[in-house]
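**Q** If it helps, the file is called protein.tsv and holds TSV, C-alpha atoms:
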chain	number	residue	atom	x	y	z
D	1	GLY	CA	3.55	-31.22	-21.99
D	2	ALA	CA	2.72	-27.64	-21.11
D	3	VAL	CA	5.45	-25.13	-21.85
D	4	VAL	CA	5.97	-21.59	-20.67
D	5	SER	CA	8.63	-19.72	-22.59
D	6	GLN	CA	10.42	-16.90	-20.79
D	7	HIS	CA	12.76	-14.46	-22.53
D	8	PRO	CA	15.41	-13.31	-22.26
D	9	SER	CA	17.16	-15.92	-20.15
D	10	ARG	CA	19.89	-13.50	-19.21
D	11	VAL	CA	20.19	-9.73	-19.52
D	12	ILE	CA	22.70	-7.13	-18.43
D	13	CYS	CA	21.61	-3.51	-18.44
D	14	LYS	CA	22.89	-0.17	-17.25
D	15	SER	CA	21.49	1.64	-14.24
D	16	GLY	CA	18.58	3.85	-15.13
D	17	THR	CA	17.44	1.87	-18.14
D	18	SER	CA	14.35	-0.31	-18.41
D	19	VAL	CA	14.21	-4.01	-19.14
D	20	LYS	CA	11.25	-6.03	-20.40
D	21	ILE	CA	10.85	-9.73	-19.67
D	22	GLU	CA	8.33	-11.79	-21.61
D	23	CYS	CA	6.46	-14.87	-20.49
D	24	ARG	CA	4.47	-16.89	-23.02
D	25	SER	CA	2.33	-19.97	-22.59
D	26	LEU	CA	2.98	-21.88	-25.79
D	27	ASP	CA	0.32	-24.57	-25.88
D	28	PHE	CA	-2.36	-23.44	-23.48
D	29	GLN	CA	-4.18	-20.30	-22.52
D	30	ALA	CA	-3.32	-18.75	-19.19
D	31	THR	CA	-5.86	-16.45	-17.63
D	32	THR	CA	-3.59	-15.95	-14.66
D	33	MET	CA	0.16	-15.54	-14.56
D	34	PHE	CA	2.46	-14.98	-11.62
D	35	TRP	CA	5.79	-13.17	-11.36
D	36	TYR	CA	8.39	-14.19	-8.81
D	37	ARG	CA	11.75	-12.93	-7.73
D	38	GLN	CA	14.40	-15.23	-6.35
D	39	PHE	CA	17.54	-14.16	-4.53
D	40	PRO	CA	20.57	-16.48	-4.42
D	41	LYS	CA	19.98	-19.56	-2.29
D	42	GLN	CA	16.54	-18.37	-1.31
D	43	SER	CA	13.00	-19.30	-2.11
D	44	LEU	CA	10.69	-17.65	-4.61
D	45	MET	CA	9.05	-14.41	-3.55
D	46	LEU	CA	5.77	-13.65	-5.26
D	47	MET	CA	5.80	-10.14	-6.71
D	48	ALA	CA	2.45	-9.95	-8.44
D	49	THR	CA	-0.44	-11.82	-9.96
D	50	SER	CA	-1.57	-10.79	-13.40
D	51	ASN	CA	-4.94	-11.57	-14.92
D	52	GLU	CA	-5.59	-11.19	-18.61
D	53	GLY	CA	-7.26	-7.90	-19.40
D	54	SER	CA	-7.08	-6.43	-15.92
D	55	LYS	CA	-4.59	-4.72	-13.66
D	56	ALA	CA	-2.06	-6.82	-11.84
D	57	THR	CA	-2.33	-7.42	-8.12
D	58	TYR	CA	0.94	-6.63	-6.39
D	59	GLU	CA	2.17	-8.15	-3.16
D	60	GLN	CA	2.89	-5.92	-0.23
D	61	GLY	CA	6.17	-4.08	-0.56
D	62	VAL	CA	6.44	-4.45	-4.34
D	63	GLU	CA	6.48	-1.11	-6.17
D	64	LYS	CA	3.94	-1.28	-8.97
D	65	ASP	CA	5.42	1.75	-10.74
D	66	LYS	CA	8.82	0.13	-10.81
D	67	PHE	CA	7.72	-3.34	-11.85
D	68	LEU	CA	5.16	-2.84	-14.61
D	69	ILE	CA	3.14	-5.91	-15.50
D	70	ASN	CA	1.03	-6.24	-18.61
D	71	HIS	CA	-1.13	-9.27	-19.44
D	72	ALA	CA	-2.64	-8.24	-22.74
D	73	SER	CA	-3.48	-11.68	-24.07
D	74	LEU	CA	-4.21	-15.16	-22.80
D	75	THR	CA	-0.73	-16.30	-23.76
D	76	LEU	CA	1.53	-13.37	-22.94
D	77	SER	CA	2.47	-11.46	-19.82
D	78	THR	CA	5.35	-9.02	-19.58
D	79	LEU	CA	7.30	-7.61	-16.65
D	80	THR	CA	9.13	-4.33	-17.21
D	81	VAL	CA	11.70	-3.28	-14.65
D	82	THR	CA	11.80	0.50	-14.98
D	83	SER	CA	14.76	2.69	-14.09
D	84	ALA	CA	16.69	-0.37	-13.01
D	85	HIS	CA	19.22	-0.18	-10.19
D	86	PRO	CA	21.86	-2.68	-9.06
D	87	GLU	CA	19.61	-3.80	-6.21
D	88	ASP	CA	17.09	-4.98	-8.83
D	89	SER	CA	19.60	-7.58	-9.96
D	90	SER	CA	17.97	-10.93	-9.35
D	91	PHE	CA	16.48	-14.03	-10.92
D	92	TYR	CA	12.92	-13.41	-12.12
D	93	ILE	CA	10.59	-16.33	-12.82
D	94	CYS	CA	7.11	-16.33	-14.30
D	95	SER	CA	4.45	-18.95	-13.86
D	96	ALA	CA	1.21	-19.54	-15.72
D	97	GLN	CA	-1.81	-21.19	-14.20
D	98	GLY	CA	-2.58	-24.21	-16.32
D	99	PRO	CA	-3.14	-26.16	-18.31
D	100	ARG	CA	-5.18	-27.83	-15.55
D	101	ALA	CA	-6.94	-25.61	-13.06
D	102	TYR	CA	-4.70	-26.77	-10.23
D	103	GLY	CA	-1.53	-26.68	-12.33
D	104	TYR	CA	1.19	-24.10	-12.47
D	105	THR	CA	3.77	-24.13	-15.25
D	106	PHE	CA	6.97	-22.19	-14.73
D	107	GLY	CA	9.20	-20.38	-17.17
D	108	SER	CA	12.94	-21.01	-17.16
D	109	GLY	CA	13.72	-17.70	-15.49
D	110	THR	CA	15.57	-14.50	-16.37
D	111	ARG	CA	18.84	-13.53	-14.74
D	112	LEU	CA	18.91	-9.72	-14.59
D	113	THR	CA	22.15	-7.95	-13.80
D	114	VAL	CA	22.12	-4.16	-13.48
D	115	VAL	CA	25.53	-2.52	-13.72
B	1	GLY	CA	0.09	-15.54	7.57
B	2	GLU	CA	0.56	-18.98	6.17
B	3	ASP	CA	3.98	-20.54	6.34
B	4	VAL	CA	5.69	-23.45	4.65
B	5	GLU	CA	8.94	-24.80	6.08
B	6	GLN	CA	11.55	-27.25	4.90
B	7	SER	CA	14.93	-28.42	6.09
B	8	LEU	CA	17.77	-26.69	4.28
B	9	PHE	CA	20.01	-29.51	3.19
B	10	LEU	CA	20.06	-33.25	2.56
B	11	SER	CA	23.02	-35.38	1.59
B	12	VAL	CA	22.41	-38.89	0.27
B	13	ARG	CA	24.42	-41.62	-1.38
B	14	GLU	CA	23.61	-42.67	-4.92
B	15	GLY	CA	21.19	-45.59	-4.92
B	16	ASP	CA	19.77	-44.79	-1.48
B	17	SER	CA	16.36	-43.28	-0.85
B	18	SER	CA	15.94	-39.58	-0.12
B	19	VAL	CA	13.20	-38.18	2.06
B	20	ILE	CA	12.47	-34.47	2.00
B	21	ASN	CA	10.10	-33.12	4.61
B	22	CYS	CA	7.82	-30.11	4.60
B	23	THR	CA	5.42	-28.62	7.12
B	24	TYR	CA	2.72	-26.07	6.46
B	25	THR	CA	0.40	-24.05	8.62
B	26	ASP	CA	-2.59	-23.30	6.41
B	27	SER	CA	-5.32	-25.76	7.30
B	28	SER	CA	-7.24	-24.77	4.18
B	29	SER	CA	-4.44	-25.97	1.88
B	30	THR	CA	-6.10	-27.99	-0.81
B	31	TYR	CA	-3.30	-28.64	-3.28
B	32	LEU	CA	0.27	-29.43	-2.34
B	33	TYR	CA	3.14	-29.55	-4.79
B	34	TRP	CA	6.74	-30.61	-5.10
B	35	TYR	CA	8.98	-28.74	-7.53
B	36	LYS	CA	12.59	-29.32	-8.56
B	37	GLN	CA	14.96	-26.51	-9.47
B	38	GLU	CA	18.32	-27.09	-11.07
B	39	PRO	CA	20.98	-24.32	-11.07
B	40	GLY	CA	19.98	-21.31	-13.15
B	41	ALA	CA	16.70	-22.84	-14.24
B	42	GLY	CA	13.02	-22.46	-13.53
B	43	LEU	CA	10.89	-24.85	-11.54
B	44	GLN	CA	9.88	-28.25	-12.78
B	45	LEU	CA	6.75	-29.79	-11.34
B	46	LEU	CA	7.56	-33.21	-9.96
B	47	THR	CA	4.26	-34.19	-8.46
B	48	TYR	CA	1.28	-32.88	-6.57
B	49	ILE	CA	-1.26	-34.24	-4.15
B	50	PHE	CA	-4.76	-33.20	-3.23
B	51	SER	CA	-5.51	-32.76	0.43
B	52	ASN	CA	-8.04	-35.59	0.42
B	53	MET	CA	-5.26	-38.06	-0.39
B	54	ASP	CA	-2.79	-39.67	2.00
B	55	MET	CA	-0.30	-40.96	-0.51
B	56	LYS	CA	0.57	-40.71	-4.14
B	57	GLN	CA	3.19	-42.71	-5.99
B	58	ASP	CA	4.63	-41.86	-9.37
B	59	GLN	CA	7.54	-44.04	-10.50
B	60	ARG	CA	10.44	-43.25	-8.12
B	61	LEU	CA	8.51	-40.56	-6.28
B	62	THR	CA	6.23	-41.15	-3.32
B	63	VAL	CA	4.38	-38.31	-1.62
B	64	LEU	CA	2.96	-38.79	1.85
B	65	LEU	CA	0.52	-36.32	3.37
B	66	ASN	CA	-0.40	-36.21	7.04
B	67	LYS	CA	-3.13	-33.63	7.10
B	68	LYS	CA	-3.59	-33.82	10.85
B	69	ASP	CA	0.03	-32.85	11.46
B	70	LYS	CA	0.21	-30.66	8.32
B	71	HIS	CA	3.24	-32.62	7.18
B	72	LEU	CA	4.19	-33.45	3.62
B	73	SER	CA	7.10	-35.59	2.50
B	74	LEU	CA	8.68	-36.57	-0.79
B	75	ARG	CA	10.56	-39.84	-1.05
B	76	ILE	CA	12.84	-40.42	-4.00
B	77	ALA	CA	13.75	-44.06	-4.46
B	78	ASP	CA	17.11	-45.12	-5.92
B	79	THR	CA	18.43	-41.57	-5.87
B	80	GLN	CA	20.65	-40.68	-8.81
B	81	THR	CA	23.26	-37.94	-9.27
B	82	GLY	CA	20.83	-36.20	-11.60
B	83	ASP	CA	18.49	-35.78	-8.65
B	84	SER	CA	20.90	-33.26	-7.11
B	85	ALA	CA	18.92	-30.01	-7.06
B	86	ILE	CA	16.81	-27.78	-4.84
B	87	TYR	CA	13.38	-29.14	-4.02
B	88	PHE	CA	10.52	-26.84	-3.09
B	89	CYS	CA	7.23	-27.77	-1.55
B	90	ALA	CA	4.33	-25.40	-2.07
B	91	ASP	CA	0.69	-25.21	-1.17
B	92	SER	CA	-2.38	-23.50	-2.52
B	93	ALA	CA	-5.71	-23.01	-0.85
B	94	THR	CA	-7.69	-23.17	-4.07
B	95	ALA	CA	-7.06	-23.92	-7.71
B	96	GLY	CA	-5.50	-20.92	-9.37
B	97	ASN	CA	-4.69	-19.28	-6.08
B	98	LYS	CA	-1.15	-18.14	-5.49
B	99	LEU	CA	1.36	-20.69	-4.30
B	100	THR	CA	3.17	-20.39	-1.00
B	101	PHE	CA	6.64	-21.88	-1.22
B	102	GLY	CA	8.89	-23.39	1.37
B	103	GLY	CA	12.47	-22.25	1.57
B	104	GLY	CA	13.75	-25.16	-0.49
B	105	THR	CA	15.83	-28.20	0.39
B	106	ARG	CA	19.16	-28.58	-1.33
B	107	VAL	CA	19.75	-32.25	-2.10
B	108	LEU	CA	23.27	-33.42	-2.82
B	109	VAL	CA	23.70	-36.92	-4.18
B	110	LYS	CA	27.13	-38.40	-3.64
B	111	PRO	CA	28.48	-41.18	-5.86
Show how you would write the structure in this file as structure tokens.
**A**
Amino acid sequence: GAVVSQHPSRVICKSGTSVKIECRSLDFQATTMFWYRQFPKQSLMLMATSNEGSKATYEQGVEKDKFLINHASLTLSTLTVTSAHPEDSSFYICSAQGPRAYGYTFGSGTRLTVV
Amino acid sequence: GEDVEQSLFLSVREGDSSVINCTYTDSSSTYLYWYKQEPGAGLQLLTYIFSNMDMKQDQRLTVLLNKKDKHLSLRIADTQTGDSAIYFCADSATAGNKLTFGGGTRVLVKP
């Protein structure tokens, strides 16, 4: 079946540093990818929608300069958390549209801890 | 804006059936999904239903859709301990459009 690989699965970084999270669709091309944030015992909050070759569309309240999204190819999207702070600690999940038009395949998530 | 709601918690005995309910407000919802999330993991698609369908069955899973009441349910037959997880319903107005998730229902299966 369709697989979306998300790396790293877990990362600990110091305040003020930047962290990059990768999301790859392994066996299908994904024109559109989505990035979510999930707080403990809560639902997924959509942060942004990224389309290959164009700028990402951010949801209201999400700082685009802090959460940089790049979707340079049909199989790779990256989320960079810049100048991370402890309040950025969360579970980040990516999703790729596909392989069917109405399908969404999720990555396994990245647990970010900022110390 | 659109809203998707679910009950928070469900406890069920192993071997019984589980029914998880979901309501949504967007009348233009075309695709409705059920996802399963185990601790520390991403979301696994369990099943989906198009809005022109009333029911869909896939092995132990049965999805019922009442479009008039904007109510979606997921029935898991012969619930097993491995079914313990958080279940999310989600809807999408069009293919490729962003998903709107419910808050998730935590299902605990007791032996």
**Q** When the cut-off is 12 Å and we count only C-alpha atoms, which residues of chain D are near chain B, given as JSON, numbers by chain?
**A** {"D": [1, 2, 3, 4, 5, 6, 9, 10, 30, 31, 32, 33, 34, 35, 36, 37, 38, 39, 40, 41, 42, 43, 44, 45, 46, 47, 48, 49, 50, 51, 57, 58, 59, 90, 91, 92, 93, 94, 95, 96, 97, 98, 99, 100, 101, 102, 103, 104, 105, 106, 107, 108, 109, 110, 111, 112]}
**Q** To one decimal place in Å, what is the distance between atom CA of Lys55 of chain D and atom CA of His71 of chain D?
**A**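 One can read the atom CA of Lys55 of chain D to atom CA of His71 of chain D distance as 8.1 Å.
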**Q** Return the single residue from D:Leu26, D:Ala56, D:Leu68, D:Cys13 that is closest to Thr80 of chain D, with distances computed using all atoms listed in the file.
**A**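 Closest to Thr80 of chain D, using all atoms listed in the file: D:Leu68.
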**Q** Quick one: distance from atom CA of Ser17 of chain B to atom CA of Thr79 of chain B in Å, one decimal?
**A**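 For atom CA of Ser17 of chain B relative to atom CA of Thr79 of chain B, the distance reads 5.7 Å.
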**Q** As an exercise, work out the distance from atom CA of Lys64 of chain D to atom CA of Val11 of chain D in Å and give it to one decimal place.
**A** 21.1 Å
**Q** Taking into account all atoms listed in the file, which residue in the set D:Cys23, D:Lys14, D:Val62, D:Pro8 is nearest to Ser77 of chain D?
**A**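 Nearest to Ser77 of chain D: D:Cys23.
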**Q** Near Ser51 of chain B, within 10 Å and counting all atoms listed in the file, which residues show up once chain neighbours fewer than 5 positions away are dropped, as a list in words?
**A** Ser27, Ser28, Ser29, Thr30, Tyr31, Leu32, Leu65, Asn66, Lys67, Lys70, Asp91 and Ala93 of chain B
**Q** If we draw a sphere of 8 Å around (24.2, -34.5, -3.8), which residues have at least one atom in it when counting all atoms listed in the file? Please report them as a PDB file with C-alpha atoms, in the frame of the given file.
**A**
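Output file result_36.pdb is given in full below:
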ATOM      1  CA  LEU B  10      20.060 -33.250   2.560  1.00  0.00           C
ATOM      2  CA  SER B  11      23.020 -35.380   1.590  1.00  0.00           C
ATOM      3  CA  VAL B  12      22.410 -38.890   0.270  1.00  0.00           C
ATOM      4  CA  ARG B  13      24.420 -41.620  -1.380  1.00  0.00           C
ATOM      5  CA  THR B  81      23.260 -37.940  -9.270  1.00  0.00           C
ATOM      6  CA  ASP B  83      18.490 -35.780  -8.650  1.00  0.00           C
ATOM      7  CA  SER B  84      20.900 -33.260  -7.110  1.00  0.00           C
ATOM      8  CA  ALA B  85      18.920 -30.010  -7.060  1.00  0.00           C
ATOM      9  CA  VAL B 107      19.750 -32.250  -2.100  1.00  0.00           C
ATOM     10  CA  LEU B 108      23.270 -33.420  -2.820  1.00  0.00           C
ATOM     11  CA  VAL B 109      23.700 -36.920  -4.180  1.00  0.00           C
ATOM     12  CA  LYS B 110      27.130 -38.400  -3.640  1.00  0.00           C
TER      13      LYS B 110
END
**Q** Could you tell me which of B:Leu64, B:Ala90, B:Met53, B:Leu74 comes closest to Ile20 of chain B if we count all atoms listed in the file?
**A**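 Nearest to Ile20 of chain B: B:Leu74.
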**Q** Please identify all polymer residues within 7 Å of Phe67 of chain D, counting all atoms listed in the file, omitting same-chain residues fewer than 2 positions from it, and present them as a PyMOL selection string.
**A** chain D and resi 63-65+69+79-82
**Q** Can I get the selected residues back with C-alpha atoms, as a compact mmCIF listing (two decimals), in the frame of the given file?
**A**
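After the write, selection-v3.txt holds the following:
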# COMPACT_ATOMS: atom_id res chain seq x y z
CA GLU D 63 6.48 -1.11 -6.17
CA LYS D 64 3.94 -1.28 -8.97
CA ASP D 65 5.42 1.75 -10.74
CA ILE D 69 3.14 -5.91 -15.50
CA LEU D 79 7.30 -7.61 -16.65
CA THR D 80 9.13 -4.33 -17.21
CA VAL D 81 11.70 -3.28 -14.65
CA THR D 82 11.80 0.50 -14.98
**Q** Given the choices B:Phe9, B:Gly15, B:Asp3, B:Thr25, which gets closest to Asp78 of chain B if the distance is worked out from all atoms listed in the file?
**A**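 Of all the options, B:Gly15 lies closest to Asp78 of chain B.
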